[in-house]
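Raw coords.txt, compact mmCIF, C-alpha atoms:
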```
# COMPACT_ATOMS: atom_id res chain seq x y z
CA MET V 1 -22.62 14.13 3.23
CA THR V 2 -24.27 11.28 1.33
CA ARG V 3 -21.92 8.61 -0.01
CA THR V 4 -22.63 7.74 -3.60
CA PHE V 5 -20.91 4.37 -3.94
CA PRO V 6 -23.03 1.76 -5.71
CA THR V 7 -24.25 -1.04 -3.48
CA PRO V 8 -22.48 -4.41 -3.91
CA ALA V 9 -25.57 -5.72 -5.75
CA GLN V 10 -25.59 -2.73 -8.14
CA ASP V 11 -21.86 -3.09 -8.60
CA THR V 12 -22.15 -6.77 -9.56
CA GLU V 13 -25.10 -6.01 -11.83
CA ASN V 14 -23.23 -3.23 -13.63
CA ARG V 15 -20.21 -5.44 -14.16
CA MET V 16 -22.29 -8.33 -15.45
CA LYS V 17 -23.86 -6.02 -18.03
CA THR V 18 -20.46 -5.25 -19.51
CA LYS V 19 -19.23 -8.80 -18.93
CA GLU V 20 -16.17 -7.63 -17.09
CA TYR V 21 -14.03 -10.32 -15.56
CA ILE V 22 -13.42 -10.08 -11.81
CA ARG V 23 -10.43 -12.00 -10.54
CA PRO V 24 -10.91 -13.49 -7.10
CA MET V 25 -8.50 -12.57 -4.32
CA PRO V 26 -6.59 -15.75 -3.41
CA ALA V 27 -6.91 -16.90 0.20
CA THR V 28 -3.12 -17.13 0.34
CA TRP V 29 -2.55 -13.49 -0.63
CA PHE V 30 -0.24 -12.98 2.35
CA LEU V 31 2.21 -15.51 0.88
CA HIS V 32 2.54 -13.58 -2.38
CA ASN V 33 5.87 -11.97 -1.50
CA ARG V 34 8.35 -11.59 1.37
CA HIS V 35 6.95 -8.21 2.43
CA LEU V 36 3.45 -9.61 2.88
CA VAL V 37 4.78 -12.57 4.86
CA VAL V 38 6.62 -10.17 7.19
CA TYR V 39 3.43 -8.13 7.50
CA ALA V 40 1.41 -11.25 8.40
CA ILE V 41 3.97 -12.22 11.06
CA ARG V 42 3.94 -8.66 12.42
CA GLU V 43 0.17 -8.80 12.80
CA LEU V 44 0.26 -12.26 14.40
CA THR V 45 2.93 -11.24 16.90
CA SER V 46 0.67 -8.45 18.12
CA PHE V 47 -1.43 -11.12 19.86
CA PHE V 48 1.63 -12.22 21.82
CA VAL V 49 2.51 -8.61 22.68
CA THR V 50 -1.03 -8.00 23.97
CA GLY V 51 -1.13 -11.31 25.82
CA TYR V 52 2.18 -10.70 27.51
CA ALA V 53 1.17 -7.16 28.50
CA ILE V 54 -1.89 -8.62 30.25
CA PHE V 55 0.31 -11.26 31.89
CA LEU V 56 2.69 -8.56 33.20
CA ILE V 57 -0.23 -6.63 34.70
CA LEU V 58 -1.33 -9.79 36.52
CA VAL V 59 2.23 -10.36 37.78
CA LEU V 60 2.38 -6.75 39.02
CA ALA V 61 -0.97 -7.21 40.77
CA ARG V 62 0.41 -10.24 42.61
CA THR V 63 3.58 -8.33 43.52
CA ASN V 64 1.50 -5.57 45.06
CA HIS V 65 -0.70 -8.01 46.94
CA SER V 66 1.99 -9.56 49.14
CA LYS V 67 5.64 -10.42 48.86
CA SER V 68 5.17 -14.05 49.97
CA ASP V 69 2.32 -14.51 47.52
CA PHE V 70 4.55 -13.33 44.68
CA ARG V 71 7.46 -15.49 45.91
CA ALA V 72 5.24 -18.60 45.77
CA PHE V 73 4.04 -17.62 42.27
CA TYR V 74 7.65 -17.00 41.19
CA GLU V 75 8.87 -20.38 42.44
CA SER V 76 5.94 -22.44 41.18
CA VAL V 77 5.21 -20.78 37.81
CA LEU V 78 7.84 -18.31 36.61
CA ARG V 79 10.88 -20.51 37.33
CA SER V 80 9.46 -23.56 35.61
CA ARG V 81 11.04 -24.87 32.38
CA ALA V 82 7.77 -24.35 30.49
CA SER V 83 7.67 -20.73 31.64
CA LEU V 84 11.23 -20.13 30.45
CA ILE V 85 10.46 -21.59 27.03
CA VAL V 86 7.29 -19.51 26.72
CA HIS V 87 9.22 -16.40 27.74
CA LEU V 88 11.90 -17.02 25.13
CA ILE V 89 9.26 -17.43 22.41
CA VAL V 90 7.38 -14.34 23.55
CA LEU V 91 10.65 -12.38 23.74
CA ALA V 92 11.43 -13.22 20.10
CA PHE V 93 7.93 -12.13 19.02
CA VAL V 94 8.00 -8.96 21.10
CA VAL V 95 11.44 -7.98 19.76
CA PHE V 96 10.25 -8.64 16.18
CA HIS V 97 7.07 -6.61 16.72
CA SER V 98 8.96 -3.75 18.41
CA THR V 99 11.54 -3.67 15.62
CA THR V 100 8.91 -3.49 12.88
CA SER V 101 7.07 -0.79 14.86
CA PHE V 102 10.22 1.30 15.31
CA ASN V 103 11.14 0.93 11.65
CA GLY V 104 7.59 1.81 10.61
CA MET V 105 7.51 4.84 12.91
CA ALA V 106 10.76 6.13 11.43
CA ARG V 107 9.22 6.04 7.96
CA VAL V 108 5.97 7.67 9.01
CA LEU V 109 7.21 10.35 11.42
CA VAL V 110 8.20 13.42 9.44
CA VAL V 111 10.42 15.94 11.19
CA ARG V 112 11.51 18.89 9.11
CA ARG V 113 14.37 21.33 9.37
CA GLY V 114 13.23 24.07 7.03
CA GLU V 115 12.55 22.45 3.67
CA GLU V 116 14.65 19.37 4.48
CA ARG V 117 13.24 16.26 6.07
CA VAL V 118 15.22 14.74 8.93
CA SER V 119 16.49 11.34 7.79
CA PRO V 120 14.25 8.39 8.76
CA THR V 121 17.45 6.47 9.60
CA LEU V 122 18.35 9.10 12.21
CA ILE V 123 14.85 8.85 13.71
CA ALA V 124 15.17 5.06 13.82
CA ILE V 125 18.59 5.32 15.52
CA LEU V 126 17.12 7.69 18.13
CA ASN V 127 14.23 5.26 18.71
CA TYR V 128 16.54 2.30 19.19
CA GLY V 129 18.86 4.42 21.36
CA ALA V 130 15.96 5.41 23.62
CA TRP V 131 14.86 1.76 23.78
CA LEU V 132 18.38 0.71 24.82
CA VAL V 133 18.69 3.44 27.47
CA VAL V 134 15.31 2.61 29.04
CA SER V 135 16.16 -1.12 29.03
CA VAL V 136 19.52 -0.48 30.72
CA LEU V 137 17.88 1.79 33.33
CA ILE V 138 15.30 -0.87 34.13
CA PHE V 139 17.99 -3.54 34.35
CA VAL V 140 20.14 -1.37 36.65
CA GLY V 141 17.05 -0.53 38.72
CA VAL V 142 16.26 -4.21 39.16
CA ILE V 143 19.84 -4.95 40.28
CA VAL V 144 20.03 -1.97 42.65
CA PHE V 145 16.60 -2.37 44.27
CA LYS V 146 16.60 -6.15 44.37
CA MET M 1 -0.72 -10.98 -7.21
CA GLY M 2 -0.52 -13.27 -10.15
CA THR M 3 -3.57 -15.13 -11.35
CA GLU M 4 -3.51 -18.85 -12.03
CA PHE M 5 -5.67 -20.33 -14.77
CA PRO M 6 -4.61 -23.97 -15.05
CA ASN M 7 -5.02 -25.73 -18.39
CA GLN M 8 -5.99 -22.51 -20.08
CA GLU M 9 -2.81 -22.00 -22.10
CA ARG M 10 -3.54 -21.44 -25.77
CA ASP M 11 -1.31 -22.48 -28.62
CA HIS M 12 2.05 -20.87 -28.68
CA GLU M 13 2.33 -18.55 -31.67
CA PRO M 14 5.76 -19.02 -33.21
CA MET M 15 7.43 -16.21 -35.03
CA THR M 16 10.12 -16.55 -37.62
CA GLU M 17 13.27 -14.71 -36.55
CA ASN M 18 16.71 -14.29 -38.01
CA GLN M 19 19.01 -17.11 -37.01
CA GLY M 20 21.03 -16.16 -33.94
CA GLN M 21 18.56 -13.49 -32.90
CA LYS M 22 17.88 -13.68 -29.18
CA THR M 23 14.22 -14.08 -28.34
CA ILE M 24 12.08 -13.68 -25.26
CA THR M 25 8.64 -15.05 -24.47
CA LEU M 26 5.78 -13.01 -23.10
CA GLU M 27 2.83 -14.84 -21.54
CA VAL M 28 0.02 -12.38 -21.88
CA PHE M 29 -3.33 -12.43 -20.10
CA ARG M 30 -6.09 -12.51 -22.70
CA TYR M 31 -9.78 -11.96 -22.10
CA LEU M 32 -12.17 -11.27 -24.94
CA PRO M 33 -15.57 -10.67 -23.34
CA ASP M 34 -17.51 -11.47 -26.52
CA GLN M 35 -15.77 -14.86 -26.89
CA ASP M 36 -14.35 -15.99 -23.54
CA GLN M 37 -16.05 -17.15 -20.37
CA GLN M 38 -12.68 -17.31 -18.64
CA PRO M 39 -9.39 -15.55 -19.33
CA HIS M 40 -6.38 -17.47 -20.59
CA PHE M 41 -2.69 -16.84 -21.16
CA GLN M 42 -1.28 -16.58 -24.66
CA SER M 43 2.45 -16.94 -25.31
CA TYR M 44 4.28 -14.76 -27.80
CA THR M 45 7.92 -15.16 -28.74
CA LEU M 46 9.53 -12.01 -30.04
CA PRO M 47 12.99 -10.56 -30.62
CA TYR M 48 14.89 -9.60 -27.49
CA HIS M 49 16.48 -6.16 -27.32
CA GLU M 50 18.35 -5.11 -24.23
CA ASP M 51 16.99 -1.57 -24.33
CA TRP M 52 13.36 -2.62 -24.73
CA VAL M 53 10.84 -2.31 -21.95
CA VAL M 54 7.78 -4.55 -21.54
CA LEU M 55 5.67 -1.88 -23.25
CA ASP M 56 7.94 -2.03 -26.32
CA ALA M 57 7.42 -5.79 -26.39
CA LEU M 58 3.64 -5.36 -26.19
CA ASN M 59 3.75 -2.79 -28.99
CA HIS M 60 5.79 -5.23 -31.07
CA ILE M 61 3.16 -7.92 -30.52
CA LYS M 62 0.37 -5.50 -31.41
CA ASP M 63 2.12 -4.23 -34.54
CA HIS M 64 3.64 -7.45 -35.89
CA ILE M 65 2.09 -10.55 -34.31
CA ASP M 66 -1.41 -10.06 -32.97
CA GLY M 67 -3.35 -6.87 -33.57
CA THR M 68 -6.22 -8.01 -31.35
CA LEU M 69 -4.26 -7.47 -28.14
CA SER M 70 -5.68 -4.57 -26.08
CA TYR M 71 -3.86 -2.48 -23.49
CA ARG M 72 -3.50 1.16 -22.45
CA TRP M 73 -0.46 3.33 -22.89
CA SER M 74 0.38 6.89 -23.81
CA CYS M 75 3.51 8.81 -22.86
CA ARG M 76 6.06 5.97 -22.66
CA MET M 77 8.08 7.99 -20.14
CA GLY M 78 6.57 7.30 -16.69
CA VAL M 79 4.41 10.41 -16.58
CA CYS M 80 0.90 9.52 -17.77
CA GLY M 81 0.44 6.49 -15.51
CA SER M 82 -1.65 4.59 -18.05
CA CYS M 83 0.57 1.55 -18.77
CA GLY M 84 0.45 -0.02 -15.30
CA MET M 85 0.21 -3.82 -15.43
CA MET M 86 1.25 -6.85 -13.42
CA VAL M 87 4.67 -7.99 -14.62
CA ASN M 88 5.53 -11.38 -13.15
CA GLY M 89 2.99 -10.73 -10.42
CA GLU M 90 4.29 -7.27 -9.46
CA PRO M 91 2.50 -4.00 -10.31
CA LYS M 92 4.79 -2.07 -12.66
CA LEU M 93 4.72 0.72 -15.19
CA THR M 94 5.48 -1.32 -18.29
CA CYS M 95 7.30 1.65 -19.80
CA ALA M 96 9.84 1.37 -16.98
CA ALA M 97 10.13 -2.44 -16.75
CA PHE M 98 13.15 -3.47 -18.84
CA LEU M 99 13.21 -6.86 -20.51
CA LYS M 100 16.86 -7.27 -19.45
CA HIS M 101 15.74 -7.57 -15.82
CA TYR M 102 13.78 -10.72 -16.72
CA TYR M 103 15.66 -12.22 -19.67
CA PRO M 104 16.01 -15.10 -20.50
CA LYS M 105 13.02 -16.24 -18.45
CA PRO M 106 9.53 -15.69 -19.83
CA ILE M 107 7.63 -12.64 -18.64
CA ARG M 108 4.02 -12.96 -17.55
CA VAL M 109 1.96 -9.83 -18.17
CA GLU M 110 -1.48 -9.38 -16.60
CA PRO M 111 -3.87 -6.49 -15.99
CA LEU M 112 -3.59 -4.76 -12.62
CA THR M 113 -5.10 -6.94 -9.93
CA ASN M 114 -8.03 -5.82 -7.75
CA PHE M 115 -9.75 -4.21 -10.75
CA PRO M 116 -12.39 -5.66 -13.09
CA VAL M 117 -10.98 -6.58 -16.50
CA ILE M 118 -12.77 -5.08 -19.49
CA ARG M 119 -10.64 -6.78 -22.13
CA ASP M 120 -7.13 -8.30 -22.16
CA LEU M 121 -4.91 -5.92 -20.18
CA VAL M 122 -7.49 -3.13 -19.94
CA ILE M 123 -9.09 -2.58 -16.54
CA ASN M 124 -12.13 -0.61 -15.46
CA LEU M 125 -11.02 2.64 -13.79
CA ASP M 126 -14.47 3.87 -12.74
CA ASP M 127 -14.10 2.99 -9.06
CA PHE M 128 -10.81 4.87 -8.72
CA LEU M 129 -12.03 7.93 -10.61
CA HIS M 130 -15.15 7.99 -8.48
CA LYS M 131 -13.05 7.91 -5.32
CA LEU M 132 -10.80 10.72 -6.52
CA LYS M 133 -13.91 12.85 -6.96
CA GLU M 134 -15.25 11.85 -3.54
CA VAL M 135 -12.14 13.10 -1.72
CA LYS M 136 -12.10 16.36 -3.70
CA THR M 137 -8.59 16.19 -5.11
CA TRP M 138 -8.44 19.80 -6.11
CA LEU M 139 -7.64 23.07 -4.37
CA ILE M 140 -10.51 24.63 -2.44
CA PRO M 141 -9.16 27.98 -1.17
CA LYS M 142 -9.73 29.07 2.42
CA GLU M 143 -10.85 32.48 1.22
CA PRO M 144 -11.69 32.67 -2.46
CA LYS M 145 -10.58 35.94 -3.98
CA PRO M 146 -10.88 37.52 -7.43
CA VAL M 147 -8.03 37.19 -9.90
CA SER M 148 -7.42 40.94 -9.64
CA GLU M 149 -6.15 40.41 -6.08
CA GLY M 150 -3.30 38.27 -7.32
CA GLU M 151 -1.96 34.77 -6.65
CA TYR M 152 -2.32 32.61 -3.57
CA LEU M 153 1.24 32.88 -2.31
CA GLN M 154 3.15 30.03 -0.74
CA SER M 155 6.65 29.72 0.71
CA PRO M 156 9.10 26.94 -0.26
CA GLU M 157 8.71 25.50 3.27
CA GLN M 158 4.94 25.31 2.84
CA LEU M 159 5.40 23.66 -0.55
CA ALA M 160 7.80 21.10 0.93
CA HIS M 161 5.08 19.84 3.29
CA TYR M 162 2.99 18.30 0.51
CA LYS M 163 5.23 18.24 -2.57
CA GLN M 164 5.98 14.52 -2.35
CA TYR M 165 2.26 13.64 -2.40
CA SER M 166 1.70 15.88 -5.43
CA MET M 167 3.93 13.58 -7.50
CA CYS M 168 1.15 10.96 -7.84
CA ILE M 169 0.42 10.13 -11.49
CA ASN M 170 -2.76 8.10 -10.79
CA CYS M 171 -1.20 4.92 -12.16
CA MET M 172 -3.09 2.77 -9.61
CA LEU M 173 -0.17 0.42 -8.97
CA CYS M 174 -0.77 1.07 -5.27
CA TYR M 175 -4.34 -0.20 -5.56
CA ALA M 176 -3.15 -3.35 -7.31
CA ALA M 177 -0.61 -3.94 -4.54
CA CYS M 178 -2.95 -3.22 -1.63
CA PRO M 179 -4.49 -6.37 -0.10
CA VAL M 180 -6.91 -4.22 1.90
CA TYR M 181 -8.38 -2.85 -1.33
CA GLY M 182 -8.45 -6.36 -2.77
CA LEU M 183 -10.42 -7.63 0.22
CA GLU M 184 -12.57 -4.52 0.69
CA PRO M 185 -13.15 -2.68 -2.61
CA ARG M 186 -14.98 0.10 -0.80
CA PHE M 187 -11.71 1.20 0.80
CA ILE M 188 -10.91 4.69 -0.52
CA GLY M 189 -7.40 3.46 -1.20
CA PRO M 190 -3.81 4.71 -1.13
CA ALA M 191 -3.61 7.17 -4.04
CA ALA M 192 -6.91 8.92 -3.33
CA ILE M 193 -6.01 9.38 0.35
CA ALA M 194 -2.47 10.54 -0.51
CA LEU M 195 -3.93 13.10 -2.89
CA ALA M 196 -6.50 14.20 -0.31
CA GLN M 197 -3.63 14.63 2.13
CA ARG M 198 -1.72 16.58 -0.53
CA TYR M 199 -4.49 19.19 -0.57
CA ASN M 200 -5.11 19.02 3.18
CA MET M 201 -1.46 19.95 3.76
CA ASP M 202 -1.51 22.77 1.23
CA SER M 203 -1.40 26.11 3.05
CA ARG M 204 -3.79 27.62 0.47
CA ASP M 205 -6.48 24.99 0.97
CA GLY M 206 -9.34 25.17 3.45
CA ALA M 207 -11.41 22.05 2.80
CA GLN M 208 -9.91 19.61 5.31
CA ASN M 209 -13.23 19.20 7.07
CA GLN M 210 -15.04 18.41 3.81
CA ARG M 211 -12.49 15.72 2.91
CA ALA M 212 -12.47 14.34 6.46
CA GLU M 213 -16.08 13.23 6.02
CA VAL M 214 -14.87 10.75 3.42
CA ILE M 215 -11.31 9.85 4.40
CA ALA M 216 -12.20 9.40 8.09
CA SER M 217 -15.28 7.31 7.27
CA SER M 218 -15.40 3.56 7.77
CA GLU M 219 -14.03 3.04 4.23
CA GLY M 220 -11.22 5.55 4.72
CA ILE M 221 -7.94 5.77 6.58
CA TRP M 222 -8.93 3.42 9.42
CA GLU M 223 -9.26 0.50 7.00
CA CYS M 224 -5.51 0.71 6.35
CA THR M 225 -3.40 -1.67 8.44
CA TYR M 226 -0.09 -0.18 7.29
CA ILE M 227 1.04 -3.05 5.10
CA GLY M 228 3.19 -0.67 3.09
CA GLU M 229 2.89 -2.37 -0.29
CA CYS M 230 1.52 0.84 -1.82
CA THR M 231 4.70 2.69 -0.93
CA ARG M 232 6.93 -0.15 -2.09
CA VAL M 233 5.46 -0.30 -5.60
CA CYS M 234 4.93 3.45 -6.15
CA PRO M 235 7.03 4.45 -9.19
CA LYS M 236 7.05 8.09 -8.11
CA HIS M 237 8.03 7.54 -4.45
CA VAL M 238 4.89 9.25 -3.27
CA ASP M 239 4.74 7.13 -0.10
CA PRO M 240 0.95 6.78 0.21
CA ALA M 241 1.34 4.63 3.34
CA ARG M 242 2.89 7.58 5.16
CA ALA M 243 0.16 9.89 3.88
CA ILE M 244 -2.46 7.57 5.35
CA GLN M 245 -0.69 7.32 8.71
CA GLU M 246 -0.32 11.12 8.78
CA ALA M 247 -4.01 11.47 8.04
CA LYS M 248 -4.78 9.07 10.89
CA GLY M 249 -2.67 11.20 13.25
CA SER M 250 -4.29 14.50 12.27
CA ASN M 251 -7.75 12.90 12.35
CA ALA M 252 -7.13 11.57 15.86
CA ILE M 253 -5.89 14.99 17.03
CA ASP M 254 -8.97 16.65 15.53
CA TRP M 255 -11.17 14.13 17.33
CA TRP M 256 -9.59 14.98 20.68
CA LEU M 257 -9.67 18.69 19.96
CA SER M 258 -13.39 18.44 19.27
CA PHE M 259 -13.81 17.61 23.00
CA VAL M 260 -11.40 20.24 24.29
CA LEU M 261 -12.41 22.97 21.86
CA PRO M 262 -15.92 21.95 20.76
CA ARG M 263 -16.59 25.32 19.15
CA GLY M 264 -13.09 26.64 18.64
CA LYS M 265 -11.81 24.02 16.19
CA THR M 266 -11.84 25.25 12.63
```
Conversion result in structure tokens:
Amino acid sequence: MTRTFPTPAQDTENRMKTKEYIRPMPATWFLHNRHLVVYAIRELTSFFVTGYAIFLILVLARTNHSKSDFRAFYESVLRSRASLIVHLIVLAFVVFHSTTSFNGMARVLVVRRGEERVSPTLIAILNYGAWLVVSVLIFVGVIVFK
Amino acid sequence: MGTEFPNQERDHEPMTENQGQKTITLEVFRYLPDQDQQPHFQSYTLPYHEDWVVLDALNHIKDHIDGTLSYRWSCRMGVCGSCGMMVNGEPKLTCAAFLKHYYPKPIRVEPLTNFPVIRDLVINLDDFLHKLKEVKTWLIPKEPKPVSEGEYLQSPEQLAHYKQYSMCINCMLCYAACPVYGLEPRFIGPAAIALAQRYNMDSRDGAQNQRAEVIASSEGIWECTYIGECTRVCPKHVDPARAIQEAKGSNAIDWWLSFVLPRGKT
């Protein structure tokens, strides 16, 4: 199918003919209201989520390589004050990103019972419940198999 | 998003009112293409009535203060979708924006952002109307049949799947709120995609593949980053953001199915 949008040049030319006024989009559009600020933070935190996922893969790779190798890495890098601070910052960003994702998923995911839609709040509660259960299982697993 | 035009304020136009009458000020975006190089804001002071909406105030200005002011309106009851404007920087139907929610502060009224301004508060709708046509926002039956064979039947459950999206009144508030559309005007946009999804989800329709060519194109659903402003400002609770995410999901499933069932997918 051939798209029939005018090219940007044609578009500008057409508008100039009628002398329409085109308002520029401000560079600070994401500061316009609270919702857009939250959106901008959500997008920025995705970099931290991705970065930490890569970091975890590298940690797992070291764990698989040899126990002593990981122990040395743990003592020299992970236990350092800088590492703890970075982890706290990343934790805050990851929790924020996960929360916005869960809330967003609850709004988007439509589950119907007949003509009625299952409440997005219920879906959100189930999401958070599953998150909590998995976190507890991992924590217990770590304690048990330490 | 409000527009700033520093040092462009024109003279305030006073209006004689009965003593003791409460008044409110409207700062209205003015652009007269045959006179102005740049738009400016013009202030009007008019009587305040608690039960007035912004559209009533604009009509008062037009009828009693300044007949040159141009804007669109029709039904005055939130159905026609023609009186959408920026009210204090937020896209609103002016027939549903009560003065009492802003009083006693002044109210700034501007044309919907992200659209070219023809004159004053009147925007050019061509881009939106063109996009509605592109995504075929009408029913294209799976199997056309003559009238003599009767109606295309549908159950209440089937209706419930798309009913929310059918509530769109084409007011374009979602386009004014969408930063993606502001940054990339070629984006098909929230209302057109929600309406495409409305027909895609209709059990009587069979043109999903035709619409997919447009809504799954580079200017379609994948431009959306799920900001959600379209849903927040929608006066009819259509939830275009959800429609777009749903369309992404079904488009992704279709893409995978095209590998698994290269000839079986309808």
Could you please select, counting only C-alpha atoms, the residues of chain M within 10 Å of chain V and state them as an NGL selection string?
:M and (1-4 or 31-34 or 36-39 or 89-90 or 113-120 or 123-124 or 127 or 130-131 or 134 or 155-161 or 179 or 182-183 or 185-186 or 210 or 213-214 or 217 or 225-229 or 232 or 239 or 241-246)
Give me the residues within 7 Å of Pro141 of chain M as a PDB file with C-alpha atoms, in the frame of the given file, counting all atoms listed in the file and dropping any in the same chain fewer than 2 places off.
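Output file around_36.pdb is given in full below:
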```pdb
ATOM      1  CA  LEU M 139      -7.640  23.070  -4.370  1.00  0.00           C
ATOM      2  CA  GLU M 143     -10.850  32.480   1.220  1.00  0.00           C
ATOM      3  CA  PRO M 144     -11.690  32.670  -2.460  1.00  0.00           C
ATOM      4  CA  ARG M 204      -3.790  27.620   0.470  1.00  0.00           C
ATOM      5  CA  ASP M 205      -6.480  24.990   0.970  1.00  0.00           C
ATOM      6  CA  GLY M 206      -9.340  25.170   3.450  1.00  0.00           C
TER       7      GLY M 206
END
```
Quick one: distance from atom CA of Tyr128 of chain V to atom CA of Asn103 of chain V in Å, one decimal?
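Answer for the atom CA of Tyr128 of chain V to atom CA of Asn103 of chain V separation: 9.4 Å.
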Excluding Gly189 of chain M and any residue of its chain fewer than 3 positions from it, enumerate the residues within 9 Å of it, using all atoms listed in the file, and give them as a PyMOL selection string.
chain M and resi 128+131+174-175+178+180-181+185-186+192-194+219-221+223-224
Just how far from atom CA of Ile169 of chain M is atom CA of Arg76 of chain M, in Å to one decimal?
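Answer for the atom CA of Arg76 of chain M to atom CA of Ile169 of chain M separation: 13.2 Å.
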Using only the atoms of segment 107-123 of chain V listed in the file, plus 3 Å on each side, state the axis-aligned box centre and edge lengths in Å rounded to one decimal, as JSON.
```
{"center_x": 12.2, "center_y": 15.1, "center_z": 8.7, "size_x": 18.4, "size_y": 24.0, "size_z": 16.0}
```
Give me the residues within 10 Å of segment 56-66 of chain M as a VMD selection string, counting only C-alpha atoms and dropping any in the same chain fewer than 4 places off.
chain M and resid 13 to 15 24 to 26 28 44 to 49 51 to 52 70 to 71 73 76 94 to 95 97 to 99 109
Using only C-alpha atoms, which residue out of V:Leu44, V:Val144, V:Leu137, V:Ala53 lies closest to Phe93 of chain V?
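Of the candidates, the smallest distance to Phe93 of chain V is held by V:Leu44.
The spacing separating atom CA of Ala177 of chain M from atom CA of Ala216 of chain M amounts to 21.7 Å.
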Counting all atoms listed in the file, find residues at most 7 Å from (0.9, 16.2, 2.4) (file frame) and give them as JSON, numbers by chain.
{"M": [161, 162, 163, 165, 197, 198, 199, 200, 201, 243]}
Segment 74-78 of chain V: which residues within 12 Å, counting only C-alpha atoms, same-chain residues fewer than 2 positions away excluded, as a PyMOL selection string?
chain V and resi 55-56+59-60+62-63+67-72+80-87
Between M:Val233, M:Val147, M:Ala191, M:Ala207, single out the one closest to Met85 of chain M, counting all atoms listed in the file.
M:Val233
Name the residues, using the chain letters and numbers of the file, that sit within 12 Å of (10.0, -2.2, 17.8) when counting all atoms listed in the file, and give them as a PDB file with C-alpha atoms, in the coordinates of the input.
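Dumped to selection_3.pdb:
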```pdb
ATOM      1  CA  ARG V  42       3.940  -8.660  12.420  1.00  0.00           C
ATOM      2  CA  THR V  45       2.930 -11.240  16.900  1.00  0.00           C
ATOM      3  CA  SER V  46       0.670  -8.450  18.120  1.00  0.00           C
ATOM      4  CA  VAL V  49       2.510  -8.610  22.680  1.00  0.00           C
ATOM      5  CA  LEU V  91      10.650 -12.380  23.740  1.00  0.00           C
ATOM      6  CA  ALA V  92      11.430 -13.220  20.100  1.00  0.00           C
ATOM      7  CA  PHE V  93       7.930 -12.130  19.020  1.00  0.00           C
ATOM      8  CA  VAL V  94       8.000  -8.960  21.100  1.00  0.00           C
ATOM      9  CA  VAL V  95      11.440  -7.980  19.760  1.00  0.00           C
ATOM     10  CA  PHE V  96      10.250  -8.640  16.180  1.00  0.00           C
ATOM     11  CA  HIS V  97       7.070  -6.610  16.720  1.00  0.00           C
ATOM     12  CA  SER V  98       8.960  -3.750  18.410  1.00  0.00           C
ATOM     13  CA  THR V  99      11.540  -3.670  15.620  1.00  0.00           C
ATOM     14  CA  THR V 100       8.910  -3.490  12.880  1.00  0.00           C
ATOM     15  CA  SER V 101       7.070  -0.790  14.860  1.00  0.00           C
ATOM     16  CA  PHE V 102      10.220   1.300  15.310  1.00  0.00           C
ATOM     17  CA  ASN V 103      11.140   0.930  11.650  1.00  0.00           C
ATOM     18  CA  GLY V 104       7.590   1.810  10.610  1.00  0.00           C
ATOM     19  CA  MET V 105       7.510   4.840  12.910  1.00  0.00           C
ATOM     20  CA  ALA V 106      10.760   6.130  11.430  1.00  0.00           C
ATOM     21  CA  ALA V 124      15.170   5.060  13.820  1.00  0.00           C
ATOM     22  CA  ILE V 125      18.590   5.320  15.520  1.00  0.00           C
ATOM     23  CA  ASN V 127      14.230   5.260  18.710  1.00  0.00           C
ATOM     24  CA  TYR V 128      16.540   2.300  19.190  1.00  0.00           C
ATOM     25  CA  GLY V 129      18.860   4.420  21.360  1.00  0.00           C
ATOM     26  CA  ALA V 130      15.960   5.410  23.620  1.00  0.00           C
ATOM     27  CA  TRP V 131      14.860   1.760  23.780  1.00  0.00           C
ATOM     28  CA  LEU V 132      18.380   0.710  24.820  1.00  0.00           C
TER      29      LEU V 132
END
```
